[in-house]
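A.B. asks: Can you keep this structure in mind? I'll have questions shortly.
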Amino acid sequence: MSEFLWQARAALVVAKKNAMVYYLKPPVFTFGIIFPFFFYLAFAAGRNAPPETMAPGIVAMALFFTASAVGPLVTPWERQAKTYERLITSPASLIAILSGDVLAGTGFGVLLALLPLAIATLATPASVVAFLPLVLGIVLGSLSFAALGVLLAAPATQGPSQVMMLSNLVRLPLIFVSGVFIPVSQMPAWGRWLAPFSPLSYCADLIRSGFGETHYWSTLTDMTALCAFIIGFMFLAARWHKRTRDRAI
Amino acid sequence: MHLAPLACHGEPALSLPPSAIIAGALTRAFGERLAVNAVSFEVAAGEVFGFLGPNGAGKSTTARMLTGFITPTSGRALVAGIDMAQHPSEARRHIGVVPEEANVYADLSVWANVMLMAELHAVPKATRIERATRLLERFDLAGRATQKGAQLSKGLRQRLMLCMALVSEPQILFLDEPTSGLDVASARLIRDIVSEQNRTRGMTVFLTTHNMDEADQLCHRVAIIDKGRLAAIDTPDALRARVNSRRSVEVRFAQFSGRPGDLASELDHTEVTLLPNGFRAYTPQPGALAQEIAVHGAAMGLCIESMATLVPTLEDVFLSITSHAAAKAGAKEVA
């Protein structure tokens, strides 16, 4: 078996372990499901906008919160539970372990984003008119958010709560500058300037495109940007995790 | 090629098998502090190698550099002939690790914990099921296969961790304080199985421990590390021979309230530990001293209940080599 295949298989094993251990952990449930749900209610309350116009934003936001909820939890939890050292000393490389964390976050995000997607298409007049941008938005968006989550898990700490706090510090501002509820084209100048720095902007743009709404960038630009974010986050995560690997033990 | 089985512990290797582990001037600094300072040794294939040292001496740091968890500041670690720094993943395919203070996955069942490690080592499905079944049976965990890790006691968790390390049938097993804090039955079971794996499969074992009896029972050779430096490395018997001054005579009388020096003049100048109705005296020639004590004791009308000449234990060796002995000697001089 080539080294690449060996490590790819190891990443899948790690992802399976993460799904079994972490999907139902309270912080993942709280910050991945309850948090975006109430965030939506707070945002939607009092607005007269028809629900179908909010559907792309809700799907993007749900995807963002769910996919980025698993990553920040895994490494600090493993350190706290004293399972981290054995995982690191297994044949799975650090990249394979981090890829497993990303895959687990991605799976969680995609699965749970299907729920608002189903509600939006079945219970509101919203409909999917272009599947490719929608699927690309969900898959690439989920991968990039999960990679962001894994990057945020790198600080040397044994306390999952500290990392969850840090992750919210990063995630919450991104909601406001990413055209989730207000399309980027309708945002003020400062918002249009900041939006390109958030992966959520491109994900929301692709999903908006899937629902047949006006999009700000081309599909190719969205895809390229999301791929760049995935690679960038993974690169930084690998470097940072390597530096902090033997700390906080 | 493997060493002779561990039937007679402490016996040196009869042949010169290839090295399973090579530590070459391994050094690790944490800030200004040198936790491990240029430590070098080799462990032969099939050898059980004990790594002893006081708390904070650098045992776990050395083990963690050998397993690739900690990157050395300088030096080199070769495991199964593979450079850990250059090909860590490849090197780790040959090892099983039970780290100090490690734990099992509390949310996974006993079976799932073992399967996880087998899958990480790419053990084929049929093989991993067969091995896991056999190991759980051997470790007396078969009846608990569906229990969650969180439901196990410390002893059972440690057994499970050893199952997880052995399911890949590693060439080399790293054990960091494997029996620390365990009940007698669990500790003995773990020692028995480690010994059995060494005997039957020729598995190399790198054991860090505080337990001198354990090291004495299991290890072909031991190394003693103190303050980050390797202080001694040899077979337990050879190490014991280094501290002849720690040979001793232990005597107990039916009743004794006198001064040991009254029984033999040598006892005024040698280290004596008082015991209930007796004492232990340290001397390079315990036979002669025992005779003198017996003669004078009889003359003084003392009734000897038991008398024994004792060779140094590994603990004596350890204490005489490590700084504890120096501190103890220093304190004695001051007194």
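Letters A, B, ... go to the chains of the structure tokens in the order shown; residues in each chain start at 1; ligands are counted from 1 in the same order.
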Name the residues in contact with Val170 of chain A at a cut-off of 12 Å, using only C-alpha atoms, excluding same-chain residues fewer than 6 positions from it; report them as an MDAnalysis selection string.
C.D. replies: chainID A and resid 64:65 68 72 145 148:149 151:152 163:164 176:177 198
A.B. asks: Just need the residues of chain A within 10 Å of chain B, counting only C-alpha atoms, so spit them out as a PyMOL selection string.
C.D. replies: chain A and resi 3+6-7+9-14+16-17+20-22+25+78-94+242-243+245-247+249
A.B. asks: Run DSSP on the backbone and grab whatever in segment 95-276 of chain B lands in alpha helix (DSSP H); send it over as JSON, numbers by chain.
C.D. replies: {"B": [110, 111, 112, 113, 114, 115, 116, 117, 118, 119, 120, 125, 126, 127, 128, 129, 130, 131, 132, 133, 134, 135, 136, 137, 138, 154, 155, 156, 157, 158, 159, 160, 161, 162, 163, 164, 165, 166, 184, 185, 186, 187, 188, 189, 190, 191, 192, 193, 194, 195, 196, 197, 198, 199, 200, 201, 212, 213, 214, 215, 216, 217, 218, 236, 237, 238, 239, 240, 241, 242]}
A.B. asks: Would you output that residue set with C-alpha atoms, as a PDB file, in the first residue's frame?
C.D. replies:
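File produced: result-v8.pdb:
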```pdb
ATOM      1  CA  VAL B 110     -13.943  -2.119  24.906  1.00  0.00           C
ATOM      2  CA  TRP B 111     -14.252  -3.838  21.525  1.00  0.00           C
ATOM      3  CA  ALA B 112     -14.342  -0.547  19.584  1.00  0.00           C
ATOM      4  CA  ASN B 113     -11.234   0.688  21.407  1.00  0.00           C
ATOM      5  CA  VAL B 114      -9.272  -2.376  20.327  1.00  0.00           C
ATOM      6  CA  MET B 115     -10.653  -2.228  16.784  1.00  0.00           C
ATOM      7  CA  LEU B 116      -9.657   1.428  16.497  1.00  0.00           C
ATOM      8  CA  MET B 117      -5.994   0.704  17.153  1.00  0.00           C
ATOM      9  CA  ALA B 118      -6.067  -2.345  14.871  1.00  0.00           C
ATOM     10  CA  GLU B 119      -7.555  -0.257  12.061  1.00  0.00           C
ATOM     11  CA  LEU B 120      -4.994   2.505  12.583  1.00  0.00           C
ATOM     12  CA  LYS B 125     -10.519  -7.320   9.291  1.00  0.00           C
ATOM     13  CA  ALA B 126     -10.498 -11.079   9.862  1.00  0.00           C
ATOM     14  CA  THR B 127      -7.109 -10.897  11.587  1.00  0.00           C
ATOM     15  CA  ARG B 128      -8.082  -8.028  13.860  1.00  0.00           C
ATOM     16  CA  ILE B 129     -11.266  -9.786  14.934  1.00  0.00           C
ATOM     17  CA  GLU B 130      -9.341 -12.971  15.692  1.00  0.00           C
ATOM     18  CA  ARG B 131      -6.598 -11.126  17.581  1.00  0.00           C
ATOM     19  CA  ALA B 132      -8.988  -8.916  19.530  1.00  0.00           C
ATOM     20  CA  THR B 133     -11.035 -11.933  20.579  1.00  0.00           C
ATOM     21  CA  ARG B 134      -7.918 -13.753  21.729  1.00  0.00           C
ATOM     22  CA  LEU B 135      -6.452 -10.751  23.541  1.00  0.00           C
ATOM     23  CA  LEU B 136      -9.667  -9.842  25.345  1.00  0.00           C
ATOM     24  CA  GLU B 137      -9.934 -13.446  26.442  1.00  0.00           C
ATOM     25  CA  ARG B 138      -6.321 -13.447  27.645  1.00  0.00           C
ATOM     26  CA  LYS B 154      -8.182   1.675  36.445  1.00  0.00           C
ATOM     27  CA  GLY B 155      -6.806  -1.858  36.360  1.00  0.00           C
ATOM     28  CA  LEU B 156      -9.207  -2.913  33.620  1.00  0.00           C
ATOM     29  CA  ARG B 157      -8.470   0.218  31.610  1.00  0.00           C
ATOM     30  CA  GLN B 158      -4.766  -0.538  31.799  1.00  0.00           C
ATOM     31  CA  ARG B 159      -5.405  -4.087  30.595  1.00  0.00           C
ATOM     32  CA  LEU B 160      -7.444  -2.675  27.726  1.00  0.00           C
ATOM     33  CA  MET B 161      -4.643  -0.268  26.832  1.00  0.00           C
ATOM     34  CA  LEU B 162      -2.255  -3.174  26.610  1.00  0.00           C
ATOM     35  CA  CYS B 163      -4.744  -5.031  24.390  1.00  0.00           C
ATOM     36  CA  MET B 164      -4.880  -1.956  22.155  1.00  0.00           C
ATOM     37  CA  ALA B 165      -1.092  -1.856  21.966  1.00  0.00           C
ATOM     38  CA  LEU B 166      -0.749  -5.581  21.261  1.00  0.00           C
ATOM     39  CA  VAL B 184      -1.722  -6.894  42.486  1.00  0.00           C
ATOM     40  CA  ALA B 185      -3.731  -9.160  40.164  1.00  0.00           C
ATOM     41  CA  SER B 186      -3.792  -6.671  37.276  1.00  0.00           C
ATOM     42  CA  ALA B 187      -0.100  -5.845  37.687  1.00  0.00           C
ATOM     43  CA  ARG B 188       0.839  -9.518  37.681  1.00  0.00           C
ATOM     44  CA  LEU B 189      -1.356 -10.285  34.670  1.00  0.00           C
ATOM     45  CA  ILE B 190       0.249  -7.458  32.710  1.00  0.00           C
ATOM     46  CA  ARG B 191       3.756  -8.594  33.641  1.00  0.00           C
ATOM     47  CA  ASP B 192       2.928 -12.195  32.735  1.00  0.00           C
ATOM     48  CA  ILE B 193       1.565 -11.258  29.337  1.00  0.00           C
ATOM     49  CA  VAL B 194       4.438  -8.933  28.502  1.00  0.00           C
ATOM     50  CA  SER B 195       6.860 -11.686  29.431  1.00  0.00           C
ATOM     51  CA  GLU B 196       4.855 -14.216  27.415  1.00  0.00           C
ATOM     52  CA  GLN B 197       4.809 -11.984  24.324  1.00  0.00           C
ATOM     53  CA  ASN B 198       8.552 -11.542  24.613  1.00  0.00           C
ATOM     54  CA  ARG B 199       9.051 -15.268  24.960  1.00  0.00           C
ATOM     55  CA  THR B 200       6.686 -16.464  22.258  1.00  0.00           C
ATOM     56  CA  ARG B 201       6.982 -13.713  19.649  1.00  0.00           C
ATOM     57  CA  MET B 212      12.476  -2.202  40.879  1.00  0.00           C
ATOM     58  CA  ASP B 213      11.043  -5.668  41.433  1.00  0.00           C
ATOM     59  CA  GLU B 214       9.236  -5.413  38.128  1.00  0.00           C
ATOM     60  CA  ALA B 215      12.420  -4.377  36.347  1.00  0.00           C
ATOM     61  CA  ASP B 216      14.345  -7.147  38.076  1.00  0.00           C
ATOM     62  CA  GLN B 217      11.762  -9.768  37.102  1.00  0.00           C
ATOM     63  CA  LEU B 218      11.231  -8.698  33.508  1.00  0.00           C
ATOM     64  CA  PRO B 236      20.523  -6.444  36.755  1.00  0.00           C
ATOM     65  CA  ASP B 237      23.119  -8.957  38.011  1.00  0.00           C
ATOM     66  CA  ALA B 238      26.039  -6.926  36.755  1.00  0.00           C
ATOM     67  CA  LEU B 239      24.587  -3.781  38.282  1.00  0.00           C
ATOM     68  CA  ARG B 240      24.165  -5.530  41.598  1.00  0.00           C
ATOM     69  CA  ALA B 241      27.788  -6.636  41.457  1.00  0.00           C
ATOM     70  CA  ARG B 242      28.802  -2.993  41.165  1.00  0.00           C
TER      71      ARG B 242
END
```
A.B. asks: Any idea what's packed within 9 Å of Leu230 of chain B, counting only C-alpha atoms, ignoring anything in its chain fewer than 4 positions away? Could you give it as a ChimeraX atom specification?
C.D. replies: /B:36-41,223-226
A.B. asks: Go ahead and save the residues from that selection, with N, CA and C atoms, as a PDB file, in the first residue's frame.
C.D. replies:
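Result file is selection_0.pdb:
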```pdb
ATOM      1  N   VAL B  36      16.606  15.875  28.925  1.00  0.00           N
ATOM      2  CA  VAL B  36      17.383  14.690  28.542  1.00  0.00           C
ATOM      3  C   VAL B  36      18.655  15.196  27.864  1.00  0.00           C
ATOM      4  N   ASN B  37      19.787  14.686  28.341  1.00  0.00           N
ATOM      5  CA  ASN B  37      21.064  15.253  27.904  1.00  0.00           C
ATOM      6  C   ASN B  37      21.950  14.176  27.262  1.00  0.00           C
ATOM      7  N   ALA B  38      21.952  14.165  25.944  1.00  0.00           N
ATOM      8  CA  ALA B  38      22.847  13.279  25.184  1.00  0.00           C
ATOM      9  C   ALA B  38      22.778  11.818  25.635  1.00  0.00           C
ATOM     10  N   VAL B  39      21.598  11.286  25.671  1.00  0.00           N
ATOM     11  CA  VAL B  39      21.406   9.901  26.095  1.00  0.00           C
ATOM     12  C   VAL B  39      21.577   8.963  24.902  1.00  0.00           C
ATOM     13  N   SER B  40      22.446   7.989  25.052  1.00  0.00           N
ATOM     14  CA  SER B  40      22.704   7.023  23.971  1.00  0.00           C
ATOM     15  C   SER B  40      22.615   5.601  24.509  1.00  0.00           C
ATOM     16  N   PHE B  41      21.933   4.746  23.803  1.00  0.00           N
ATOM     17  CA  PHE B  41      21.913   3.313  24.138  1.00  0.00           C
ATOM     18  C   PHE B  41      21.320   2.553  22.967  1.00  0.00           C
ATOM     19  N   ALA B 223      18.687   0.373  32.219  1.00  0.00           N
ATOM     20  CA  ALA B 223      19.469   1.607  32.199  1.00  0.00           C
ATOM     21  C   ALA B 223      18.910   2.495  33.295  1.00  0.00           C
ATOM     22  N   ILE B 224      19.792   3.234  33.929  1.00  0.00           N
ATOM     23  CA  ILE B 224      19.341   4.160  34.970  1.00  0.00           C
ATOM     24  C   ILE B 224      19.675   5.570  34.515  1.00  0.00           C
ATOM     25  N   ILE B 225      18.631   6.399  34.487  1.00  0.00           N
ATOM     26  CA  ILE B 225      18.823   7.783  34.056  1.00  0.00           C
ATOM     27  C   ILE B 225      18.617   8.680  35.269  1.00  0.00           C
ATOM     28  N   ASP B 226      19.477   9.665  35.388  1.00  0.00           N
ATOM     29  CA  ASP B 226      19.354  10.590  36.511  1.00  0.00           C
ATOM     30  C   ASP B 226      19.671  11.991  36.024  1.00  0.00           C
TER      31      ASP B 226
END
```
A.B. asks: Can you tell me which residues surround Leu134 of chain A at a distance of at most 8 Å, considering only C-alpha atoms, apart from same-chain residues fewer than 5 positions away, and format the answer as a PyMOL selection string?
C.D. replies: chain A and resi 128+206-211
A.B. asks: If you count only C-alpha atoms, which residues fall within 12 Å of segment 281-291 of chain B, apart from same-chain ones fewer than 3 positions away, as an NGL selection string?
C.D. replies: :B and (241-252 or 260-261 or 263-275 or 278 or 294-298 or 304 or 306-312 or 316)
A.B. asks: Quote the spacing between atom CA of Thr146 of chain B and atom CA of Tyr23 of chain A in Å to one decimal place.
C.D. replies: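 Atom CA of Thr146 of chain B sits 19.8 Å away from atom CA of Tyr23 of chain A.
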A.B. asks: So the first atom is atom CA of Thr73 of chain B and the second is atom CA of Val205 of chain B; what is the distance between them in Å, to one decimal place?
C.D. replies: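 Value for the atom CA of Thr73 of chain B-atom CA of Val205 of chain B distance: 24.7 Å.
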A.B. asks: I want to know what sits within 6 Å of segment 116-125 of chain A, based on only C-alpha atoms, with residues of the same chain fewer than 5 positions away left out; could you give that as a short mmCIF file (atom, residue, chain, number, x, y, z; two decimals) with C-alpha atoms, in the first residue's frame?
C.D. replies:
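And here's around07.cif as it stands now:
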```
data_model
loop_
_atom_site.label_atom_id
_atom_site.label_comp_id
_atom_site.auth_asym_id
_atom_site.auth_seq_id
_atom_site.Cartn_x
_atom_site.Cartn_y
_atom_site.Cartn_z
CA GLU A 52 -37.71 31.69 0.87
CA ALA A 55 -33.32 30.06 2.88
CA VAL A 59 -28.48 26.82 4.98
#
```
A.B. asks: Have a look at atom CA of Ser201 of chain A and atom CA of Leu132 of chain A and let me know their distance in Å, one decimal.
C.D. replies: 17.3 Å
